[in-house]
Amino acid sequence: MKEKKVPMRMCVGCREMKPKKELLRVVKSPEGAVSLDPTGRKPGRGAYLCRSAECMKRALKQKQLERAFECALGEETRESLLRELESLEGQE
């Protein structure tokens with residue numbers, strides 16, 4: 001039997017290639033709002049991060065998410081992304 005191909009994505013924080021299911025999608029909606037997408041099904045432009053606050057902080061510090069979405073992220077957006085990630089980590 002043929003093995004299924006596992007889709008790989010690069011974390012914008014640590015720049016490591018990992019299976020898509022292990023990563024968390026950050027999405028910029030068509031309206032321009034940036035949020036986490038734990039299901040991976042929201043419409044819009046996506047970027048992937050490891051499920052750790054460390055990678056999120058690194059991506060924000062190096063402006064990798066701003067580069068991926070081609071827009072500036074405000075301080076409010078940065079804080080809300082970190083809060084959302086912390087609440088997701090608490091659920092696991």
# chains A, B, ... in the order shown; residues from 1 in each chain; ligands from 1

$ residues_around --residues "Gln64 in chain A" --least-positions-apart "5" --cutoff "12 Å" --atoms "only C-alpha atoms" --output "PyMOL selection string"
chain A and resi 10-15+26+47-49+55-59+69-73

$ write_last_selection --atoms "all heavy atoms" --output "short mmCIF file (atom, residue, chain, number, x, y, z; two decimals), in the first residue's frame"
data_model
loop_
_atom_site.label_atom_id
_atom_site.label_comp_id
_atom_site.auth_asym_id
_atom_site.auth_seq_id
_atom_site.Cartn_x
_atom_site.Cartn_y
_atom_site.Cartn_z
N MET A 10 6.64 25.57 6.79
CA MET A 10 7.74 26.17 7.54
C MET A 10 7.19 27.10 8.61
O MET A 10 6.33 27.93 8.34
CB MET A 10 8.66 26.96 6.61
CG MET A 10 9.86 27.55 7.33
SD MET A 10 10.92 28.55 6.29
CE MET A 10 11.63 27.30 5.26
N CYS A 11 7.71 26.94 9.82
CA CYS A 11 7.35 27.84 10.91
C CYS A 11 8.04 29.18 10.65
O CYS A 11 9.25 29.21 10.40
CB CYS A 11 7.82 27.24 12.24
SG CYS A 11 7.71 28.38 13.63
N VAL A 12 7.29 30.28 10.70
CA VAL A 12 7.89 31.59 10.43
C VAL A 12 8.74 32.06 11.61
O VAL A 12 9.53 32.99 11.46
CB VAL A 12 6.84 32.67 10.06
CG1 VAL A 12 6.17 32.34 8.75
CG2 VAL A 12 5.83 32.87 11.16
N GLY A 13 8.61 31.42 12.77
CA GLY A 13 9.40 31.80 13.94
C GLY A 13 10.78 31.16 13.93
O GLY A 13 11.80 31.84 13.90
N CYS A 14 10.81 29.82 13.92
CA CYS A 14 12.09 29.11 14.00
C CYS A 14 12.61 28.66 12.64
O CYS A 14 13.73 28.15 12.53
CB CYS A 14 11.97 27.90 14.94
SG CYS A 14 10.80 26.64 14.38
N ARG A 15 11.81 28.84 11.58
CA ARG A 15 12.18 28.52 10.20
C ARG A 15 12.44 27.03 9.98
O ARG A 15 13.19 26.65 9.10
CB ARG A 15 13.40 29.34 9.75
CG ARG A 15 13.38 30.81 10.06
CD ARG A 15 12.43 31.61 9.26
NE ARG A 15 12.82 31.65 7.87
CZ ARG A 15 12.04 32.06 6.88
NH1 ARG A 15 10.84 32.47 7.15
NH2 ARG A 15 12.44 32.05 5.64
N VAL A 26 -1.79 31.08 11.50
CA VAL A 26 -2.16 32.46 11.78
C VAL A 26 -2.71 32.98 10.46
O VAL A 26 -2.11 32.77 9.41
CB VAL A 26 -0.94 33.31 12.22
CG1 VAL A 26 -1.35 34.72 12.55
CG2 VAL A 26 -0.24 32.66 13.40
N ALA A 47 -0.12 31.90 7.60
CA ALA A 47 1.28 31.66 7.92
C ALA A 47 1.28 30.67 9.07
O ALA A 47 0.33 30.60 9.84
CB ALA A 47 1.97 32.96 8.33
N TYR A 48 2.33 29.88 9.18
CA TYR A 48 2.34 28.82 10.18
C TYR A 48 3.40 29.06 11.24
O TYR A 48 4.49 29.56 10.96
CB TYR A 48 2.59 27.47 9.49
CG TYR A 48 1.43 27.06 8.63
CD1 TYR A 48 1.31 27.51 7.32
CD2 TYR A 48 0.42 26.27 9.14
CE1 TYR A 48 0.22 27.15 6.54
CE2 TYR A 48 -0.67 25.91 8.36
CZ TYR A 48 -0.76 26.35 7.07
OH TYR A 48 -1.84 26.02 6.30
N LEU A 49 3.04 28.67 12.49
CA LEU A 49 3.93 28.80 13.64
C LEU A 49 3.89 27.53 14.46
O LEU A 49 2.86 26.85 14.51
CB LEU A 49 3.45 29.93 14.56
CG LEU A 49 3.78 31.35 14.16
CD1 LEU A 49 2.98 32.32 15.01
CD2 LEU A 49 5.25 31.62 14.33
N CYS A 55 8.23 30.68 19.72
CA CYS A 55 8.24 30.90 18.27
C CYS A 55 7.40 32.12 17.90
O CYS A 55 7.76 32.87 17.00
CB CYS A 55 7.74 29.67 17.53
SG CYS A 55 9.03 28.46 17.23
N MET A 56 6.28 32.30 18.59
CA MET A 56 5.42 33.46 18.33
C MET A 56 6.17 34.75 18.63
O MET A 56 6.17 35.69 17.82
CB MET A 56 4.15 33.37 19.17
CG MET A 56 3.27 34.61 19.10
SD MET A 56 2.42 34.86 17.56
CE MET A 56 1.04 33.79 17.78
N LYS A 57 6.84 34.80 19.78
CA LYS A 57 7.59 36.01 20.15
C LYS A 57 8.71 36.28 19.16
O LYS A 57 8.95 37.43 18.78
CB LYS A 57 8.14 35.86 21.57
CG LYS A 57 7.06 35.94 22.63
CD LYS A 57 7.61 35.69 24.01
CE LYS A 57 6.49 35.68 25.03
NZ LYS A 57 6.93 35.25 26.35
N ARG A 58 9.40 35.23 18.73
CA ARG A 58 10.48 35.40 17.76
C ARG A 58 9.95 35.92 16.43
O ARG A 58 10.52 36.83 15.83
CB ARG A 58 11.20 34.07 17.55
CG ARG A 58 12.44 34.22 16.67
CD ARG A 58 13.17 32.93 16.46
NE ARG A 58 13.57 32.33 17.72
CZ ARG A 58 13.61 31.01 17.95
NH1 ARG A 58 13.26 30.17 17.00
NH2 ARG A 58 14.00 30.55 19.10
N ALA A 59 8.81 35.38 15.98
CA ALA A 59 8.20 35.81 14.71
C ALA A 59 7.76 37.27 14.79
O ALA A 59 7.91 38.03 13.83
CB ALA A 59 7.02 34.93 14.35
N PHE A 69 2.28 38.71 5.79
CA PHE A 69 0.97 39.29 5.48
C PHE A 69 1.07 40.61 4.74
O PHE A 69 0.05 41.19 4.36
CB PHE A 69 0.16 39.49 6.77
CG PHE A 69 -0.15 38.21 7.48
CD1 PHE A 69 -0.04 38.12 8.85
CD2 PHE A 69 -0.56 37.09 6.79
CE1 PHE A 69 -0.33 36.94 9.52
CE2 PHE A 69 -0.86 35.91 7.43
CZ PHE A 69 -0.75 35.83 8.81
N GLU A 70 2.26 41.13 4.56
CA GLU A 70 2.50 42.39 3.86
C GLU A 70 1.69 43.53 4.45
O GLU A 70 1.07 44.33 3.74
CB GLU A 70 2.19 42.23 2.36
CG GLU A 70 3.07 41.21 1.68
CD GLU A 70 2.71 40.94 0.25
OE1 GLU A 70 1.63 41.39 -0.20
OE2 GLU A 70 3.50 40.28 -0.43
N CYS A 71 1.66 43.60 5.79
CA CYS A 71 0.99 44.69 6.49
C CYS A 71 1.63 44.86 7.87
O CYS A 71 2.25 43.94 8.38
CB CYS A 71 -0.50 44.44 6.63
SG CYS A 71 -0.91 43.17 7.82
N ALA A 72 1.46 46.03 8.45
CA ALA A 72 2.00 46.28 9.79
C ALA A 72 1.01 45.74 10.83
O ALA A 72 -0.20 45.86 10.67
CB ALA A 72 2.21 47.77 9.99
N LEU A 73 1.56 45.14 11.88
CA LEU A 73 0.72 44.65 12.98
C LEU A 73 0.83 45.62 14.14
O LEU A 73 1.92 45.96 14.58
CB LEU A 73 1.19 43.26 13.45
CG LEU A 73 1.10 42.13 12.45
CD1 LEU A 73 1.62 40.84 13.08
CD2 LEU A 73 -0.31 41.93 11.98
#

$ residues_around --residues "Glu89 in chain A" --least-positions-apart "2" --cutoff "12 Å" --atoms "only C-alpha atoms" --output "list in words"
Leu24, Pro38, Cys50, Arg51, Ser52, Ala53, Leu82, Arg83, Glu84, Leu85, Glu86, Ser87, Gln91 and Glu92 of chain A

$ select_by_dssp --residues "range 10-54 of chain A" --states "helix (DSSP H, G or I)" --output "VMD selection string"
chain A and resid 20 to 22 53 to 54

$ residues_around --residues "Arg9 in chain A" --least-positions-apart "4" --cutoff "7 Å" --atoms "only C-alpha atoms" --output "short mmCIF file (atom, residue, chain, number, x, y, z; two decimals) with C-alpha atoms, in the first residue's frame"
data_model
loop_
_atom_site.label_atom_id
_atom_site.label_comp_id
_atom_site.auth_asym_id
_atom_site.auth_seq_id
_atom_site.Cartn_x
_atom_site.Cartn_y
_atom_site.Cartn_z
CA MET A 17 9.97 22.51 8.24
CA LYS A 18 7.38 20.47 10.15
CA PRO A 19 4.22 18.50 9.33
CA LYS A 20 1.27 20.85 8.82
CA TYR A 48 2.34 28.82 10.18
#

$ atom_distance --atom1 "CA of Ala33 in chain A" --atom2 "CA of Gly46 in chain A"
11.8 Å
